[in-house]
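**Student:** Okay, handing you the structure first.
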Amino acid sequence: MENNNKRFLKVISVLSNDLRSTLLKAPGNIMASAVEIVLRAERPLCIECPQKRFYFTENGCVTDTLLSQNMVKVSKRSMMEVLQNICNYSVYSFQNEINNGYITLKGGH
């Protein structure tokens with residue numbers, strides 16, 4: 001479980017400060033079982049785990065229910081910051097991966 005938490009922390013290191021601080025509020029068992037962090041502009045921040053998806057509320061709670069209000073949403077600014085961070089400010093050098101719909105982080109994430 002500790003290794004999985006370390007991987008989670010490594011992956012979120014490329015996120016914007018606001019997204020990273022929100023994700024750090026996730027319970028350890030969710031961090032350890034996370035298989036995907038879902039980022040969509042102007043949509044709720046989500047962690048995908050094997051059995052469930054988890055969302056974050058603005059008051060710092062984690063829920064498996066998508067509520068209509070008070071959800072932490074990923075801003076367009078945050079999306080651009082994440083893209084720049086992942087690409088080391090050279091988006092062009094990742095164009096092939098972007099065209100295929102993904103970018104692989106160091107360590108294979």
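Each chain in the structure tokens gets a letter, A, B, ..., in the order shown, and its residues are numbered from 1; ligands are numbered from 1 in order too.
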Excluding same-chain residues fewer than 2 positions from range 21-24 of chain A, what lies within 9 Å of it counting only C-alpha atoms, as an MDAnalysis selection string?
**Tutor:** chainID A and resid 9 12 16:19 26:27 31 45 47 56 58 60 72
**Student:** I need the residues of chain A that end up classed as strand (DSSP E or B) by DSSP on the backbone, written out as a list of chain:residue names.
**Tutor:**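 So the strand (DSSP E or B) residues in chain A would be A:Glu36, A:Ile37, A:Val38, A:Ala41, A:Pro44, A:Cys46, A:Ile47, A:Glu48, A:Arg53, A:Phe54, A:Tyr55, A:Phe56, A:Thr57, A:Val62, A:Thr63, A:Met71, A:Lys73, A:Val74.
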**Student:** Return the single residue from A:Lys6, A:Ile86, A:Arg43, A:Leu105 that is closest to Leu66 in chain A, with distances computed using only C-alpha atoms.
**Tutor:**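 With only C-alpha atoms as the atom set, the closest residue is A:Arg43.
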**Student:** In terms of the shortest atom-to-atom distance over only C-alpha atoms, which of A:Thr57, A:Arg77, A:Cys87, A:Arg7 is closest to Ser33 in chain A?
**Tutor:**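 Answer, going by the shortest atom-to-atom distance: A:Arg7.
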**Student:** Write out as a list in words which residues come within 9 Å of Ala32 in chain A when counting only C-alpha atoms, dropping same-chain ones fewer than 2 positions away.
**Tutor:**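 Neighbouring residues, sequence-local ones excluded: Met1, Glu2, Asn3, Asn4, Asn5, Lys6, Arg7, Phe8, Pro27, Gly28, Asn29, Ile30, Ala34 and Val35 of chain A.
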**Student:** So what do you get for CA of Glu48 in chain A versus CA of Glu36 in chain A, distance-wise?
**Tutor:**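 So the two atoms, CA of Glu48 in chain A and CA of Glu36 in chain A, lie 5.0 Å apart.
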**Student:** I want to know what sits within 9 Å of Val14 in chain A, based on only C-alpha atoms, with residues of the same chain fewer than 5 positions away left out; could you give that as a ChimeraX atom specification?
**Tutor:** /A:20,81-86
**Student:** Grab the CA of Ser75 in chain A to CA of Asn88 in chain A distance for me, in Å with one decimal place.
**Tutor:**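 Straight-line distance from CA of Ser75 in chain A to CA of Asn88 in chain A works out to 19.9 Å.
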**Student:** What does the distance from CA of Val91 in chain A to CA of Lys76 in chain A come to in Å, to one decimal?
**Tutor:** 16.2 Å
**Student:** Taking the backbone alone, and naming residues the way the document does, which bits of chain A are alpha helix (DSSP H) by DSSP, as a count of residues only?
**Tutor:** 40
**Student:** Using only C-alpha atoms, which of A:Gln51, A:Gly101, A:Lys10, A:Glu42 sits nearest Met71 in chain A?
**Tutor:**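 Counting only C-alpha atoms, the residue closest to Met71 in chain A is A:Glu42.
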